[in-house]
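Shown below: upload_36.cif, with mmCIF, C-alpha atoms and all ligand atoms.
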```
data_start
#
loop_
_atom_site.label_atom_id
_atom_site.label_comp_id
_atom_site.auth_asym_id
_atom_site.auth_seq_id
_atom_site.Cartn_x
_atom_site.Cartn_y
_atom_site.Cartn_z
CA MET Y 14 80.01 70.01 14.97
CA SER Y 15 82.53 70.11 12.12
CA GLY Y 16 83.97 73.34 10.78
CA ALA Y 17 83.05 72.45 7.20
CA LYS Y 18 81.80 75.40 5.21
CA THR Y 19 78.18 75.22 4.08
CA ALA Y 20 75.87 77.40 1.98
CA PHE Y 21 74.82 79.22 5.15
CA SER Y 22 78.20 79.59 6.89
CA GLY Y 23 78.58 83.04 8.36
CA GLN Y 24 74.89 83.89 7.93
CA VAL Y 25 72.81 84.95 10.92
CA ALA Y 26 69.42 83.30 11.48
CA LEU Y 27 67.37 85.27 13.98
CA ILE Y 28 64.71 83.28 15.82
CA ALA Y 29 61.63 85.40 16.53
CA THR Y 30 60.04 83.43 19.30
CA MET Y 31 59.61 83.18 23.02
CA HIS Y 32 58.61 80.21 25.16
CA GLY Y 33 61.87 78.36 24.65
CA LYS Y 34 61.14 77.25 21.09
CA ASP Y 35 64.69 78.26 20.15
CA THR Y 36 65.95 75.18 22.03
CA VAL Y 37 64.49 72.97 19.28
CA LEU Y 38 64.56 75.43 16.36
CA ALA Y 39 68.24 76.32 16.70
CA PRO Y 40 70.11 72.95 16.43
CA PRO Y 41 69.00 72.00 12.87
CA LEU Y 42 69.82 75.55 11.73
CA GLN Y 43 73.24 75.38 13.37
CA ARG Y 44 73.90 72.12 11.54
CA LEU Y 45 73.31 74.01 8.27
CA GLY Y 46 76.04 76.45 9.28
CA PHE Y 47 73.91 79.34 10.52
CA THR Y 48 74.91 81.50 13.43
CA VAL Y 49 71.68 81.44 15.41
CA GLU Y 50 70.49 84.38 17.50
CA THR Y 51 67.27 84.80 19.40
CA ALA Y 52 65.34 88.05 19.51
CA ASP Y 53 65.96 88.85 23.17
CA GLY Y 54 63.34 90.66 25.17
CA PHE Y 55 61.00 90.51 22.24
CA ASP Y 56 57.40 89.88 23.25
CA THR Y 57 55.74 87.61 20.69
CA ASP Y 58 52.63 87.37 22.89
CA ARG Y 59 51.39 90.64 21.49
CA PHE Y 60 50.79 88.83 18.19
CA GLY Y 61 48.20 86.60 19.82
CA SER Y 62 48.50 84.22 22.71
CA PHE Y 63 46.85 80.96 23.66
CA ALA Y 64 45.58 82.37 26.93
CA GLY Y 65 43.29 84.53 24.84
CA GLU Y 66 44.19 87.97 26.20
CA VAL Y 67 45.22 88.97 22.71
CA GLU Y 68 43.10 87.89 19.78
CA ARG Y 69 45.31 86.39 17.08
CA GLN Y 70 45.40 88.62 14.02
CA GLY Y 71 44.78 87.02 10.64
CA ASP Y 72 45.84 83.45 9.91
CA MET Y 73 48.91 81.56 11.08
CA LEU Y 74 51.06 82.70 8.18
CA ASP Y 75 50.09 86.35 8.70
CA ALA Y 76 51.02 86.01 12.37
CA ALA Y 77 54.38 84.40 11.56
CA ARG Y 78 55.16 87.12 9.02
CA ALA Y 79 54.28 89.89 11.48
CA LYS Y 80 56.45 88.26 14.16
CA ALA Y 81 59.39 87.86 11.77
CA ARG Y 82 59.21 91.48 10.60
CA ALA Y 83 58.91 92.85 14.12
CA ALA Y 84 61.88 90.78 15.35
CA PHE Y 85 63.96 91.91 12.36
CA SER Y 86 63.37 95.58 13.07
CA HIS Y 87 63.81 94.99 16.83
CA SER Y 88 67.27 93.51 16.04
CA GLY Y 89 68.30 96.63 14.11
CA GLU Y 90 67.86 94.67 10.86
CA ARG Y 91 70.96 92.60 11.63
CA ALA Y 92 70.03 89.17 10.34
CA ASP Y 93 70.25 87.32 7.04
CA TRP Y 94 67.24 85.16 7.83
CA VAL Y 95 64.44 85.43 10.36
CA ILE Y 96 62.67 82.31 11.65
CA ALA Y 97 59.16 82.47 13.13
CA SER Y 98 56.74 79.74 14.08
CA GLU Y 99 53.05 79.51 14.93
CA GLY Y 100 50.73 76.86 16.29
CA ALA Y 101 46.96 76.45 16.29
CA PHE Y 102 44.89 73.83 18.05
CA GLY Y 103 41.32 72.65 17.79
CA PRO Y 104 39.02 69.81 16.81
CA SER Y 105 40.12 68.00 13.67
CA ARG Y 106 38.15 68.69 10.51
CA ILE Y 107 38.52 65.03 9.49
CA ALA Y 108 37.91 63.46 12.91
CA PRO Y 109 36.07 66.01 15.09
CA MET Y 110 36.42 63.82 18.21
CA LEU Y 111 40.18 64.26 18.00
CA ALA Y 112 42.23 67.35 18.74
CA GLU Y 113 44.54 68.47 16.00
CA ALA Y 114 47.77 70.46 16.21
CA LYS Y 115 48.76 72.68 13.30
CA GLU Y 116 52.26 74.07 13.28
CA LEU Y 117 53.88 76.38 10.79
CA ALA Y 118 57.47 77.56 10.50
CA LEU Y 119 58.60 80.42 8.30
CA ALA Y 120 62.14 81.26 7.23
CA TRP Y 121 62.22 84.73 5.75
CA ARG Y 122 65.17 86.32 3.91
CA PRO Y 123 64.63 90.09 4.18
CA ALA Y 124 67.17 90.99 1.45
CA ASP Y 125 64.98 89.60 -1.34
CA ASP Y 126 61.80 88.82 0.62
CA LEU Y 127 62.21 85.07 -0.02
CA GLU Y 128 59.93 82.94 2.15
CA ILE Y 129 60.38 79.26 2.91
CA LEU Y 130 57.52 77.57 4.72
CA THR Y 131 56.80 74.25 6.33
CA ARG Y 132 53.44 73.21 7.68
CA GLN Y 133 52.54 70.24 9.78
CA VAL Y 134 49.22 68.80 10.95
CA SER Y 135 49.12 66.03 13.53
CA PHE Y 136 47.04 64.39 16.23
CA THR Y 137 50.05 64.41 18.55
CA THR Y 138 48.73 66.95 21.04
CA ASN Y 139 47.23 67.04 24.53
CA PHE Y 140 44.98 69.99 23.62
CA GLY Y 141 41.77 69.84 25.65
CA HIS Y 142 39.76 71.25 28.53
CA LEU Y 143 37.50 70.17 31.38
CA ASP Y 144 34.89 72.20 33.28
CA VAL Y 145 34.90 71.22 36.93
CA ALA Y 146 32.83 72.00 40.01
CA PRO Y 147 34.41 71.72 43.48
CA GLY Y 148 34.91 68.06 44.45
CA ALA Y 149 34.81 66.80 40.84
CA ASP Y 150 37.11 63.95 39.84
CA ILE Y 151 39.84 65.36 37.64
CA GLU Y 152 42.35 62.48 37.81
CA GLY Y 153 41.50 61.02 34.42
CA PHE Y 154 41.81 64.38 32.70
CA LEU Y 155 45.10 65.18 34.41
CA THR Y 156 46.57 61.82 33.41
CA ARG Y 157 45.37 62.19 29.84
CA ILE Y 158 46.92 65.63 29.36
CA GLY Y 159 50.20 64.66 31.05
CA PHE Y 160 49.96 66.92 34.13
CA PRO Y 161 52.20 68.14 35.75
CA ASP Y 162 54.83 67.86 32.98
CA HIS Y 163 52.23 69.66 30.88
CA ALA Y 164 50.84 72.81 32.48
CA LEU Y 165 47.27 74.08 32.78
CA ILE Y 166 45.52 77.39 32.38
CA LEU Y 167 42.61 77.92 34.80
CA ARG Y 168 39.66 80.05 33.80
CA SER Y 169 36.37 81.10 35.23
CA GLY Y 170 34.14 82.37 32.48
CA ALA Y 171 36.21 84.79 30.45
CA ALA Y 172 38.63 85.51 33.32
CA VAL Y 173 42.02 83.79 33.50
CA LEU Y 174 42.60 82.70 37.10
CA ALA Y 175 46.08 81.29 36.60
CA LYS Y 176 48.45 80.21 33.85
CA ALA Y 177 51.39 77.82 33.79
CA VAL Y 178 49.88 75.76 36.62
CA THR Y 179 51.95 72.66 37.38
CA ASP Y 180 51.43 72.44 41.15
CA ARG Y 181 48.72 70.01 42.24
CA ALA Y 182 48.07 71.67 45.60
CA ALA Y 183 47.66 75.06 43.94
CA LEU Y 184 45.32 73.53 41.37
CA ASP Y 185 43.13 71.92 44.08
CA ARG Y 186 42.98 75.18 46.04
CA ARG Y 187 41.82 77.08 42.97
CA VAL Y 188 39.13 74.54 42.11
CA SER Y 189 37.78 74.10 45.65
CA GLY Y 190 37.88 77.81 46.44
CA ALA Y 191 36.00 78.88 43.31
CA GLU Y 192 32.41 80.08 43.41
CA ALA Y 193 31.72 79.11 39.80
CA PRO Y 194 32.92 76.08 37.83
CA VAL Y 195 36.55 76.31 36.80
CA ARG Y 196 37.75 75.40 33.35
CA LEU Y 197 41.02 73.47 33.27
CA GLU Y 198 42.62 74.10 29.92
CA THR Y 199 45.89 72.77 28.52
CA ASP Y 200 48.58 75.46 28.41
CA MET Y 201 49.85 75.22 24.84
CA ARG Y 202 52.94 77.43 25.24
CA ALA Y 203 55.86 75.31 24.07
CA HIS Y 204 58.00 75.52 27.23
CA LEU Y 205 55.04 74.26 29.30
CA ASN Y 206 54.01 71.56 26.87
CA PRO Y 207 56.67 68.92 26.05
CA THR Y 208 54.35 67.23 23.53
CA ARG Y 209 54.12 70.45 21.55
CA MET Y 210 57.86 71.05 21.88
CA GLY Y 211 58.44 67.62 20.30
CA GLU Y 212 56.20 68.54 17.37
CA ILE Y 213 58.07 71.82 16.89
CA ALA Y 214 61.35 69.87 16.90
CA ARG Y 215 60.00 67.77 14.02
CA LEU Y 216 58.88 70.94 12.23
CA ALA Y 217 62.34 72.48 12.70
CA GLU Y 218 64.00 69.45 11.07
CA ASN Y 219 61.66 69.77 8.08
CA LEU Y 220 62.35 73.48 7.75
CA ALA Y 221 66.10 72.86 7.79
CA ALA Y 222 65.77 70.10 5.17
CA ARG Y 223 63.84 72.52 3.00
CA LEU Y 224 66.42 75.29 3.45
CA ALA Y 225 69.15 72.84 2.47
CA ALA Y 226 67.46 72.00 -0.87
CA PRO Y 227 68.57 74.38 -3.64
CA CYS Y 228 66.38 75.19 -6.65
CA PRO Y 229 67.62 73.25 -9.72
CA GLU Y 230 67.10 76.36 -11.90
CA CYS Y 231 68.33 79.34 -9.87
CA GLY Y 232 70.07 77.76 -6.89
CA ALA Y 233 68.00 79.64 -4.28
CA PRO Y 234 67.39 77.66 -1.09
CA GLY Y 235 64.00 76.20 -0.30
CA PHE Y 236 63.04 74.05 -3.27
CA GLY Y 237 60.33 71.70 -2.08
CA ARG Y 238 56.81 70.44 -2.16
CA THR Y 239 54.23 73.20 -2.42
CA GLY Y 240 51.21 71.27 -3.64
CA VAL Y 241 49.82 68.02 -4.98
CA GLU Y 242 47.83 66.72 -7.93
CA THR Y 243 45.17 64.09 -7.24
CA GLY Y 244 44.05 61.35 -9.62
CA LEU Y 245 46.27 58.38 -8.70
CA PRO Y 246 45.03 55.64 -11.07
CA CYS Y 247 43.22 52.60 -9.73
CA GLY Y 248 45.34 49.44 -9.93
CA GLY Y 249 42.26 47.48 -11.08
CA CYS Y 250 40.49 49.60 -13.68
CA GLY Y 251 42.86 52.53 -14.20
CA ALA Y 252 40.28 55.20 -13.32
CA PRO Y 253 41.58 58.28 -11.49
CA THR Y 254 40.97 58.34 -7.72
CA ASP Y 255 41.01 61.16 -5.15
CA LEU Y 256 44.45 60.06 -3.98
CA VAL Y 257 47.57 62.09 -4.60
CA ALA Y 258 49.12 61.25 -7.98
CA LYS Y 259 51.95 63.76 -8.20
CA GLU Y 260 53.70 66.22 -5.94
CA ILE Y 261 54.33 69.75 -7.16
CA TRP Y 262 57.74 71.06 -6.09
CA SER Y 263 58.55 74.69 -6.62
CA CYS Y 264 60.95 77.52 -5.90
CA GLY Y 265 59.86 80.64 -4.06
CA ALA Y 266 62.58 82.73 -5.71
CA CYS Y 267 62.28 82.10 -9.49
CA GLY Y 268 58.87 80.42 -9.49
CA CYS Y 269 59.96 77.35 -11.46
CA SER Y 270 58.14 74.14 -10.61
CA GLU Y 271 58.32 70.41 -11.26
CA ARG Y 272 55.83 67.53 -11.09
CA ARG Y 273 57.34 64.65 -9.18
CA ALA Y 274 56.31 61.13 -8.28
CA ARG Y 275 54.89 60.62 -4.80
CA GLY Y 276 57.53 60.62 -2.09
CA ASP Y 277 56.40 57.16 -0.93
CA GLY Y 278 56.80 55.69 -4.44
CA ARG Y 279 53.17 54.61 -4.69
CA ALA Y 280 52.06 54.50 -8.36
CA VAL Y 281 48.54 53.02 -8.20
CA ALA Y 282 45.56 53.14 -5.85
CA ASP Y 283 44.03 50.04 -4.32
CA GLN Y 284 40.68 48.90 -5.77
CA SER Y 285 39.13 49.52 -2.35
CA GLU Y 286 40.00 53.21 -2.80
CA CYS Y 287 38.51 53.43 -6.31
CA PRO Y 288 35.09 55.10 -6.79
CA LEU Y 289 34.32 52.75 -9.71
CA CYS Y 290 35.54 49.43 -8.29
CA ASN Y 291 34.25 50.19 -4.79
CA PRO Y 292 31.39 52.68 -5.17
ZN ZN Y 301 39.00 50.85 -10.14
ZN ZN Y 302 64.54 78.99 -8.42
#
```

Would you write out, as structure tokens, the structure that this file holds?
Amino acid sequence: MSGAKTAFSGQVALIATMHGKDTVLAPPLQRLGFTVETADGFDTDRFGSFAGEVERQGDMLDAARAKARAAFSHSGERADWVIASEGAFGPSRIAPMLAEAKELALAWRPADDLEILTRQVSFTTNFGHLDVAPGADIEGFLTRIGFPDHALILRSGAAVLAKAVTDRAALDRRVSGAEAPVRLETDMRAHLNPTRMGEIARLAENLAARLAAPCPECGAPGFGRTGVETGLPCGGCGAPTDLVAKEIWSCGACGCSERRARGDGRAVADQSECPLCNP
């Protein structure tokens, strides 16, 4: 790493997360010049955990904000920025047969309450479960979810029998010794789920890119895409389609915004995507 001074040199970014996410969140922030600290001994599980002992409060952004604020006060308010991230997993709204991973990262600047957000939705996840009776064949499921590199949570009804299970012999004992069917469920905590960790690494790069983009009006960090406008014209008849026509970029500090061309440079929709040409 070079010693070149950047916009964030000398500023402390506090990472409010457990489960080893700092290993992928920290490097892109360090490249921006931040001194990265992690909120040590800070239990983010009380804000909602995947094992379901604590019901997650509010939506993902609410949870990230609560985490960031708690870590900031836990640190004695010694940070210029606080970074928090959240994930949520479930069936996709678009393709219900597929599991979907939603990830969100928040960079919060307490001094002026500036928030910079990145969100990500992908099908790159092993999220899933299988209900098994003793003697059932679980090989296919284990292969599909990447066991034992990816851990399992074992449940019986509402009770959690074990978490962070990566030992095959222990898994077999639990299943064969159970009186009721056991649910094998993917453990989504980042340090037990390399697929998820990879997705958070991608998220971290996007957050850093966003932080590095200053507002053209006021110079505050975090200028970036916050919305879209649909209506991309059909290349055949010119009618507006449901496809994205413009991106809306805006600043969270001064509120200025800009309409920009699509990032991929696409200016027209295909006739096959047009409601008039292809009803
Ligand atoms: Zn058309
Ligand atoms: Zn601005």

| task | Please check which protein, DNA or RNA residues sit within 7 Å of ligand ZN 301 (chain Y), counting all atoms listed in the file, and write them as a PyMOL selection string. | result | chain Y and resi 247-252+284+287-290

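Straight-line separation from atom CA of Arg157 of chain Y to atom CA of Ala183 of chain Y: 19.2 Å.
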
Check which residues of chain Y sit at most 8 Å from ligand ZN 302 (chain Y) using all atoms listed in the file, and return one row each with the closest pair of atoms and their distance in Å to one decimal, ordered by chain and rising number, as a tab-separated table.
```
residue	atom	partner	partner_atom	distance
Y:Pro227	CA	Y:ZN302	ZN	7.8
Y:Cys228	CA	Y:ZN302	ZN	4.6
Y:Pro229	CA	Y:ZN302	ZN	6.6
Y:Glu230	CA	Y:ZN302	ZN	5.1
Y:Cys231	CA	Y:ZN302	ZN	4.1
Y:Gly232	CA	Y:ZN302	ZN	5.9
Y:Ala233	CA	Y:ZN302	ZN	5.4
Y:Pro234	CA	Y:ZN302	ZN	8.0
Y:Phe236	CA	Y:ZN302	ZN	7.3
Y:Ser263	CA	Y:ZN302	ZN	7.6
Y:Cys264	CA	Y:ZN302	ZN	4.6
Y:Gly265	CA	Y:ZN302	ZN	6.6
Y:Ala266	CA	Y:ZN302	ZN	5.0
Y:Cys267	CA	Y:ZN302	ZN	4.0
Y:Gly268	CA	Y:ZN302	ZN	5.9
Y:Cys269	CA	Y:ZN302	ZN	5.7
```

Protein and nucleic acid residues near (54.7, 83.1, 30.4) (cut-off 8 Å, all atoms listed in the file) as a compact mmCIF listing (two decimals) with C-alpha atoms, keeping the file's coordinate frame:
```txt
# COMPACT_ATOMS: atom_id res chain seq x y z
CA HIS Y 32 58.61 80.21 25.16
CA LYS Y 176 48.45 80.21 33.85
CA ALA Y 177 51.39 77.82 33.79
CA ARG Y 202 52.94 77.43 25.24
```

For Ile107 of chain Y, find every residue with an atom within 12 Å (counting all atoms listed in the file), except residues of its own chain fewer than 3 positions away, and show them as a PDB file with C-alpha atoms, keeping the file's coordinate frame.
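That gives us around.pdb:
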```pdb
ATOM      1  CA  GLY Y 103      41.320  72.650  17.790  1.00  0.00           C
ATOM      2  CA  PRO Y 104      39.020  69.810  16.810  1.00  0.00           C
ATOM      3  CA  MET Y 110      36.420  63.820  18.210  1.00  0.00           C
ATOM      4  CA  LEU Y 111      40.180  64.260  18.000  1.00  0.00           C
ATOM      5  CA  ALA Y 112      42.230  67.350  18.740  1.00  0.00           C
ATOM      6  CA  GLU Y 113      44.540  68.470  16.000  1.00  0.00           C
ATOM      7  CA  VAL Y 134      49.220  68.800  10.950  1.00  0.00           C
ATOM      8  CA  SER Y 135      49.120  66.030  13.530  1.00  0.00           C
ATOM      9  CA  PHE Y 136      47.040  64.390  16.230  1.00  0.00           C
TER      10      PHE Y 136
END
```

Residues proximal to (57.6, 69.6, 31.7) were defined as those with any atom within 6 Å of that point in the file's coordinates, counting only C-alpha atoms. Which are they, as a PDB file with C-alpha atoms, in the coordinates of the input?
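What ended up in part.pdb:
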```pdb
ATOM      1  CA  ASP Y 162      54.830  67.860  32.980  1.00  0.00           C
ATOM      2  CA  HIS Y 163      52.230  69.660  30.880  1.00  0.00           C
ATOM      3  CA  LEU Y 205      55.040  74.260  29.300  1.00  0.00           C
ATOM      4  CA  PRO Y 207      56.670  68.920  26.050  1.00  0.00           C
TER       5      PRO Y 207
END
```

| task | Measuring atom to atom with only C-alpha atoms, identify which of Y:Ala77, Y:Leu197, Y:Ile261, Y:Ala83 is nearest to Gly240 of chain Y. | result |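 Closest to Gly240 of chain Y of all the choices is Y:Ile261.
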
| request: Write out as a ChimeraX atom specification the residues lying within 9 Å of Phe85 of chain Y, counting all atoms listed in the file and excluding same-chain residues fewer than 3 positions away. | output: /Y:27,29,52,80-82,88-92,94-95,123
